[in-house]
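Reviewing the structure listed below.
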Amino acid sequence: MVFPIIIALSSLSLAAVAAYFSIIGLTTIFPGVFWSIVIMGSTLEIGKLVTAVWLHRNWKSAGRLIKYYLAIAVLVLSGITSMGIFGFLSKSHIEQEAGASQYGSQISMLDKKLDSIDTKKISLESQKKTNEQLKSDDYISLQRLNDRLKDLDSMITHIREKGGFSTSSNIKKERENQAGERSSIDKTKQDIQNRLEAYRIKLESEIFPNLEKLEEDYLSINLDKSKLESKLKELEAEIGPIKYIAELVSDFGGPEVNSESAVRMVILILIFVFDPLAILLVVAASATFKESQVSSESKDVLELRNKFLLDLEIHLADGKPAESFIEKYKI
């Protein structure tokens, strides 16, 4: 009696799991009427199993029309269950692929941001180099102007050192001659100083801070990219077995298949085994229970018969008439 119970529990567990997958799969196909699909699917699953058991027990006695209709109904309901299971498993794989695609898109966007930061850094570095070069050129120009002022001062010093009665007038005359050039030099030096100050302000308040900000953004984006790549690798590791299945098919001489085709193959194998096995096990459990009941009744009848025969032999061996034995058991 233990084995029929094991068969019944196994068949009911398979049927329950198949029903669950099927109902959840059907709700993904018709998401707008979730509870209606749950109720409908549950009643159809129960009706399918009851119908399969009834057909097994009454196939010979049932009318041709009703038994063929019920058999077709069981097959159609089994197909609906398989369709629901296919939808459930497909949805899981599609969500996984969508997650991987989403991570890939996010990584691509971060790569574009990194490229943009690199472009901005190159532009700022170019501006920095240009400023440095302009500063260097202005420093050289400033040095030349200072050297020229020294030359002009040397001329006046030379006149002073030469001496004579007209030294003062000569110095005054030389200063007058140099006045225009000195004025131009002073103005040019002032312009250079102003430009150098502008270079410094631009470097300290614009270029350097922007470069520092871009470096921080670059590091932050790289960190986010690393996290996304780690999640993407986890998803790829989860679908790794499917890729091996696809490669296994080609290794045994089959056609080249991609991961999508391999997933569909695995799902089809599952649905062709899942629900039919559940139905047949329920029918097998019913038949086993019926056989155990028949064998139990036959055993009881056999034991009662043997007891009657043994009592009859003892009764007759004691010399008692058969009528009293009949009267005793009211036969």
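Ordering of the structure tokens sets the chain letters (A, B, ...); residue numbers start at 1 within each chain; ligands are numbered from 1 in the order shown.
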
TODO: Compile the contact shell of A:Gln127 as an NGL selection string: residues with an atom at most 12 Å away, counting only C-alpha atoms, same-chain residues fewer than 2 positions apart removed.
DONE: :A and (120-125 or 129-135 or 199 or 202-203 or 206-208 or 210-211)

Atoms to include: N, CA and C atoms. Write the selected residues as a PDB file, in the first residue's frame.
```pdb
ATOM      1  N   LYS A 120      37.260  66.418 -23.736  1.00  0.00           N
ATOM      2  CA  LYS A 120      37.358  67.668 -22.972  1.00  0.00           C
ATOM      3  C   LYS A 120      38.734  67.815 -22.321  1.00  0.00           C
ATOM      4  N   LYS A 121      39.265  66.705 -21.814  1.00  0.00           N
ATOM      5  CA  LYS A 121      40.593  66.747 -21.204  1.00  0.00           C
ATOM      6  C   LYS A 121      41.649  67.126 -22.236  1.00  0.00           C
ATOM      7  N   ILE A 122      41.523  66.567 -23.433  1.00  0.00           N
ATOM      8  CA  ILE A 122      42.479  66.904 -24.492  1.00  0.00           C
ATOM      9  C   ILE A 122      42.392  68.387 -24.822  1.00  0.00           C
ATOM     10  N   SER A 123      41.141  68.908 -24.888  1.00  0.00           N
ATOM     11  CA  SER A 123      40.968  70.329 -25.190  1.00  0.00           C
ATOM     12  C   SER A 123      41.575  71.205 -24.089  1.00  0.00           C
ATOM     13  N   LEU A 124      41.326  70.838 -22.825  1.00  0.00           N
ATOM     14  CA  LEU A 124      41.877  71.619 -21.713  1.00  0.00           C
ATOM     15  C   LEU A 124      43.397  71.519 -21.660  1.00  0.00           C
ATOM     16  N   GLU A 125      43.905  70.325 -21.916  1.00  0.00           N
ATOM     17  CA  GLU A 125      45.363  70.164 -21.945  1.00  0.00           C
ATOM     18  C   GLU A 125      45.975  71.003 -23.059  1.00  0.00           C
ATOM     19  N   LYS A 129      48.636  73.952 -22.557  1.00  0.00           N
ATOM     20  CA  LYS A 129      49.910  74.042 -23.270  1.00  0.00           C
ATOM     21  C   LYS A 129      50.028  75.369 -24.020  1.00  0.00           C
ATOM     22  N   THR A 130      48.903  75.791 -24.623  1.00  0.00           N
ATOM     23  CA  THR A 130      48.918  77.069 -25.345  1.00  0.00           C
ATOM     24  C   THR A 130      49.220  78.225 -24.401  1.00  0.00           C
ATOM     25  N   ASN A 131      48.571  78.205 -23.236  1.00  0.00           N
ATOM     26  CA  ASN A 131      48.824  79.241 -22.241  1.00  0.00           C
ATOM     27  C   ASN A 131      50.268  79.229 -21.762  1.00  0.00           C
ATOM     28  N   GLU A 132      50.752  78.011 -21.563  1.00  0.00           N
ATOM     29  CA  GLU A 132      52.154  77.892 -21.114  1.00  0.00           C
ATOM     30  C   GLU A 132      53.108  78.434 -22.178  1.00  0.00           C
ATOM     31  N   GLN A 133      52.789  78.131 -23.443  1.00  0.00           N
ATOM     32  CA  GLN A 133      53.639  78.622 -24.530  1.00  0.00           C
ATOM     33  C   GLN A 133      53.555  80.146 -24.645  1.00  0.00           C
ATOM     34  N   LEU A 134      52.326  80.682 -24.501  1.00  0.00           N
ATOM     35  CA  LEU A 134      52.172  82.133 -24.562  1.00  0.00           C
ATOM     36  C   LEU A 134      52.891  82.808 -23.388  1.00  0.00           C
ATOM     37  N   LYS A 135      52.786  82.181 -22.224  1.00  0.00           N
ATOM     38  CA  LYS A 135      53.501  82.717 -21.067  1.00  0.00           C
ATOM     39  C   LYS A 135      55.005  82.732 -21.333  1.00  0.00           C
ATOM     40  N   TYR A 199      46.667  84.836 -17.954  1.00  0.00           N
ATOM     41  CA  TYR A 199      47.024  83.416 -18.086  1.00  0.00           C
ATOM     42  C   TYR A 199      46.941  82.712 -16.736  1.00  0.00           C
ATOM     43  N   LYS A 202      43.315  82.269 -15.641  1.00  0.00           N
ATOM     44  CA  LYS A 202      42.645  81.232 -16.432  1.00  0.00           C
ATOM     45  C   LYS A 202      43.099  79.836 -16.014  1.00  0.00           C
ATOM     46  N   LEU A 203      44.390  79.687 -15.780  1.00  0.00           N
ATOM     47  CA  LEU A 203      44.907  78.381 -15.363  1.00  0.00           C
ATOM     48  C   LEU A 203      44.377  77.991 -13.993  1.00  0.00           C
ATOM     49  N   GLU A 206      40.100  78.232 -14.018  1.00  0.00           N
ATOM     50  CA  GLU A 206      39.306  77.572 -15.055  1.00  0.00           C
ATOM     51  C   GLU A 206      39.907  76.236 -15.479  1.00  0.00           C
ATOM     52  N   ILE A 207      41.109  76.249 -15.984  1.00  0.00           N
ATOM     53  CA  ILE A 207      41.669  75.026 -16.572  1.00  0.00           C
ATOM     54  C   ILE A 207      41.946  73.970 -15.512  1.00  0.00           C
ATOM     55  N   PHE A 208      42.693  74.316 -14.458  1.00  0.00           N
ATOM     56  CA  PHE A 208      43.043  73.341 -13.423  1.00  0.00           C
ATOM     57  C   PHE A 208      41.810  72.786 -12.705  1.00  0.00           C
ATOM     58  N   ASN A 210      38.722  72.567 -13.845  1.00  0.00           N
ATOM     59  CA  ASN A 210      37.972  71.729 -14.784  1.00  0.00           C
ATOM     60  C   ASN A 210      38.670  70.399 -15.017  1.00  0.00           C
ATOM     61  N   LEU A 211      39.998  70.429 -15.105  1.00  0.00           N
ATOM     62  CA  LEU A 211      40.741  69.176 -15.253  1.00  0.00           C
ATOM     63  C   LEU A 211      40.553  68.286 -14.038  1.00  0.00           C
TER      64      LEU A 211
END
```

Open item on the list: Can you pull out the residues contacting stretch 166-179 of chain A? Cut-off 10 Å, using only C-alpha atoms, and skip same-chain residues under 2 positions away; I want them as a PyMOL selection string.
Closed with: chain A and resi 149+152-153+155-164+181-185

Task: Residues within 10 Å of A:Ala19, only C-alpha atoms, excluding chain neighbours under 5 positions, as a PyMOL selection string - done: chain A and resi 13-14+24-25+38+41-42+44-46+81-82+84-85+275+278

Selected residues, all heavy atoms, written as an mmCIF file, in the first residue's frame, please.
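Dumped everything to selection-v7.cif:
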```
data_model
loop_
_atom_site.group_PDB
_atom_site.id
_atom_site.type_symbol
_atom_site.label_atom_id
_atom_site.label_comp_id
_atom_site.auth_asym_id
_atom_site.auth_seq_id
_atom_site.Cartn_x
_atom_site.Cartn_y
_atom_site.Cartn_z
ATOM 1 N N SER A 13 2.360 16.075 -6.964
ATOM 2 C CA SER A 13 3.378 17.131 -6.900
ATOM 3 C C SER A 13 3.761 17.592 -8.305
ATOM 4 O O SER A 13 3.887 18.798 -8.567
ATOM 5 C CB SER A 13 4.609 16.633 -6.141
ATOM 6 O OG SER A 13 5.213 15.544 -6.816
ATOM 7 N N LEU A 14 3.932 16.636 -9.220
ATOM 8 C CA LEU A 14 4.233 17.003 -10.610
ATOM 9 C C LEU A 14 3.099 17.815 -11.221
ATOM 10 O O LEU A 14 3.324 18.830 -11.886
ATOM 11 C CB LEU A 14 4.478 15.746 -11.446
ATOM 12 C CG LEU A 14 5.905 15.194 -11.493
ATOM 13 C CD1 LEU A 14 5.916 13.867 -12.220
ATOM 14 C CD2 LEU A 14 6.836 16.173 -12.168
ATOM 15 N N ILE A 24 1.049 30.662 -14.157
ATOM 16 C CA ILE A 24 1.884 31.878 -14.158
ATOM 17 C C ILE A 24 2.256 32.252 -15.588
ATOM 18 O O ILE A 24 2.270 33.435 -15.956
ATOM 19 C CB ILE A 24 3.142 31.668 -13.306
ATOM 20 C CG1 ILE A 24 2.763 31.404 -11.842
ATOM 21 C CG2 ILE A 24 4.052 32.886 -13.384
ATOM 22 C CD1 ILE A 24 1.985 32.519 -11.194
ATOM 23 N N GLY A 25 2.541 31.240 -16.419
ATOM 24 C CA GLY A 25 2.866 31.518 -17.816
ATOM 25 C C GLY A 25 1.687 32.124 -18.566
ATOM 26 O O GLY A 25 1.859 33.055 -19.368
ATOM 27 N N VAL A 38 -5.924 32.856 -13.199
ATOM 28 C CA VAL A 38 -5.566 31.930 -12.111
ATOM 29 C C VAL A 38 -6.735 30.996 -11.808
ATOM 30 O O VAL A 38 -6.570 29.771 -11.691
ATOM 31 C CB VAL A 38 -5.151 32.714 -10.852
ATOM 32 C CG1 VAL A 38 -5.014 31.771 -9.662
ATOM 33 C CG2 VAL A 38 -3.835 33.451 -11.091
ATOM 34 N N GLY A 41 -7.395 28.714 -14.919
ATOM 35 C CA GLY A 41 -6.335 27.716 -15.079
ATOM 36 C C GLY A 41 -6.398 26.644 -14.007
ATOM 37 O O GLY A 41 -6.190 25.450 -14.291
ATOM 38 N N SER A 42 -6.691 27.020 -12.771
ATOM 39 C CA SER A 42 -6.757 26.050 -11.676
ATOM 40 C C SER A 42 -7.877 25.041 -11.911
ATOM 41 O O SER A 42 -7.693 23.828 -11.760
ATOM 42 C CB SER A 42 -6.972 26.774 -10.342
ATOM 43 O OG SER A 42 -5.918 27.682 -10.084
ATOM 44 N N LEU A 44 -9.335 24.279 -14.760
ATOM 45 C CA LEU A 44 -9.038 23.452 -15.933
ATOM 46 C C LEU A 44 -8.011 22.370 -15.617
ATOM 47 O O LEU A 44 -8.117 21.236 -16.101
ATOM 48 C CB LEU A 44 -8.536 24.333 -17.083
ATOM 49 C CG LEU A 44 -9.579 25.202 -17.785
ATOM 50 C CD1 LEU A 44 -8.921 26.084 -18.829
ATOM 51 C CD2 LEU A 44 -10.658 24.340 -18.427
ATOM 52 N N GLU A 45 -7.002 22.697 -14.799
ATOM 53 C CA GLU A 45 -5.996 21.704 -14.430
ATOM 54 C C GLU A 45 -6.615 20.571 -13.624
ATOM 55 O O GLU A 45 -6.339 19.392 -13.860
ATOM 56 C CB GLU A 45 -4.877 22.372 -13.624
ATOM 57 C CG GLU A 45 -3.964 23.271 -14.436
ATOM 58 C CD GLU A 45 -3.143 22.508 -15.457
ATOM 59 O OE1 GLU A 45 -2.808 21.336 -15.192
ATOM 60 O OE2 GLU A 45 -2.837 23.076 -16.513
ATOM 61 N N ILE A 46 -7.463 20.933 -12.654
ATOM 62 C CA ILE A 46 -8.132 19.891 -11.854
ATOM 63 C C ILE A 46 -9.046 19.061 -12.743
ATOM 64 O O ILE A 46 -9.061 17.816 -12.671
ATOM 65 C CB ILE A 46 -8.922 20.539 -10.695
ATOM 66 C CG1 ILE A 46 -7.959 21.228 -9.725
ATOM 67 C CG2 ILE A 46 -9.753 19.493 -9.962
ATOM 68 C CD1 ILE A 46 -8.641 22.059 -8.674
ATOM 69 N N THR A 81 -1.443 23.680 -21.059
ATOM 70 C CA THR A 81 -0.504 23.655 -19.934
ATOM 71 C C THR A 81 0.931 23.789 -20.433
ATOM 72 O O THR A 81 1.734 24.548 -19.872
ATOM 73 C CB THR A 81 -0.657 22.345 -19.139
ATOM 74 O OG1 THR A 81 -1.996 22.248 -18.645
ATOM 75 C CG2 THR A 81 0.311 22.307 -17.965
ATOM 76 N N SER A 82 1.250 23.044 -21.497
ATOM 77 C CA SER A 82 2.596 23.130 -22.058
ATOM 78 C C SER A 82 2.886 24.525 -22.590
ATOM 79 O O SER A 82 4.004 25.042 -22.438
ATOM 80 C CB SER A 82 2.758 22.096 -23.184
ATOM 81 O OG SER A 82 2.572 20.779 -22.686
ATOM 82 N N GLY A 84 1.599 27.303 -21.422
ATOM 83 C CA GLY A 84 1.832 28.150 -20.258
ATOM 84 C C GLY A 84 3.225 27.963 -19.684
ATOM 85 O O GLY A 84 3.899 28.928 -19.302
ATOM 86 N N ILE A 85 3.664 26.683 -19.618
ATOM 87 C CA ILE A 85 5.015 26.406 -19.122
ATOM 88 C C ILE A 85 6.055 27.034 -20.043
ATOM 89 O O ILE A 85 7.046 27.620 -19.584
ATOM 90 C CB ILE A 85 5.241 24.886 -19.002
ATOM 91 C CG1 ILE A 85 4.322 24.289 -17.941
ATOM 92 C CG2 ILE A 85 6.697 24.575 -18.657
ATOM 93 C CD1 ILE A 85 4.343 22.774 -17.884
ATOM 94 N N ASP A 275 4.011 17.842 -18.311
ATOM 95 C CA ASP A 275 2.577 17.623 -18.124
ATOM 96 C C ASP A 275 2.125 16.213 -18.502
ATOM 97 O O ASP A 275 1.339 15.610 -17.761
ATOM 98 C CB ASP A 275 1.788 18.672 -18.906
ATOM 99 C CG ASP A 275 0.332 18.716 -18.497
ATOM 100 O OD1 ASP A 275 0.066 18.925 -17.289
ATOM 101 O OD2 ASP A 275 -0.537 18.552 -19.363
ATOM 102 N N ALA A 278 2.891 14.002 -15.630
ATOM 103 C CA ALA A 278 1.997 14.243 -14.492
ATOM 104 C C ALA A 278 0.656 13.555 -14.712
ATOM 105 O O ALA A 278 0.124 12.889 -13.803
ATOM 106 C CB ALA A 278 1.800 15.743 -14.292
#
```

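With distances taken over only C-alpha atoms, A:Ser230 is the one residue among A:Ser90, A:Ser261, A:Ser11, A:Ser230 lying closest to A:Ile107.
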
Task: Test item: residues at most 12 Å from A:Ser36, only C-alpha atoms, excluding those fewer than 6 positions along its chain, as a PyMOL selection string - done: chain A and resi 23-24+26-27+30+42-43

Filtering to C-alpha atoms, could you give me those residues as a tab-separated table (two decimals), in the first residue's frame?
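And here is the file that came out, result-v8.tsv:
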```tsv
chain	number	residue	atom	x	y	z
A	23	ILE	CA	-0.96	29.38	-14.75
A	24	ILE	CA	1.88	31.88	-14.16
A	26	LEU	CA	-0.71	32.16	-18.96
A	27	THR	CA	-0.93	35.26	-16.76
A	30	PHE	CA	-2.91	37.76	-20.53
A	42	SER	CA	-6.76	26.05	-11.68
A	43	THR	CA	-10.20	24.62	-12.51
```

Open item on the list: What's the separation between atom CA of A:Lys112 and atom CA of A:Ala100, in Å to one decimal place?
Closed with: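 Between atom CA of A:Lys112 and atom CA of A:Ala100 the gap is 18.5 Å.
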
Open item on the list: Rounded to one decimal, what separation in Å do you get between atom CA of A:Met40 and atom CA of A:Trp59?
Closed with: 26.7 Å

- [ ] Rounded to one decimal place, report the atom CA of A:Ile80-atom CA of A:Ala18 distance in Å.
- [x] 11.0 Å

Open item on the list: From the options A:Val50, A:Ile39, A:Ile6, A:Ile72, which residue's atoms come nearest to A:Val283, counting only C-alpha atoms?
Closed with: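 Closest candidate: A:Val50.
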
Task: Residue nearest A:Ala284 - candidates A:Tyr103, A:Phe34, A:Phe3, A:Tyr139, atoms counted: only C-alpha atoms - done: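 Among the listed residues, A:Phe3 lies closest to A:Ala284.
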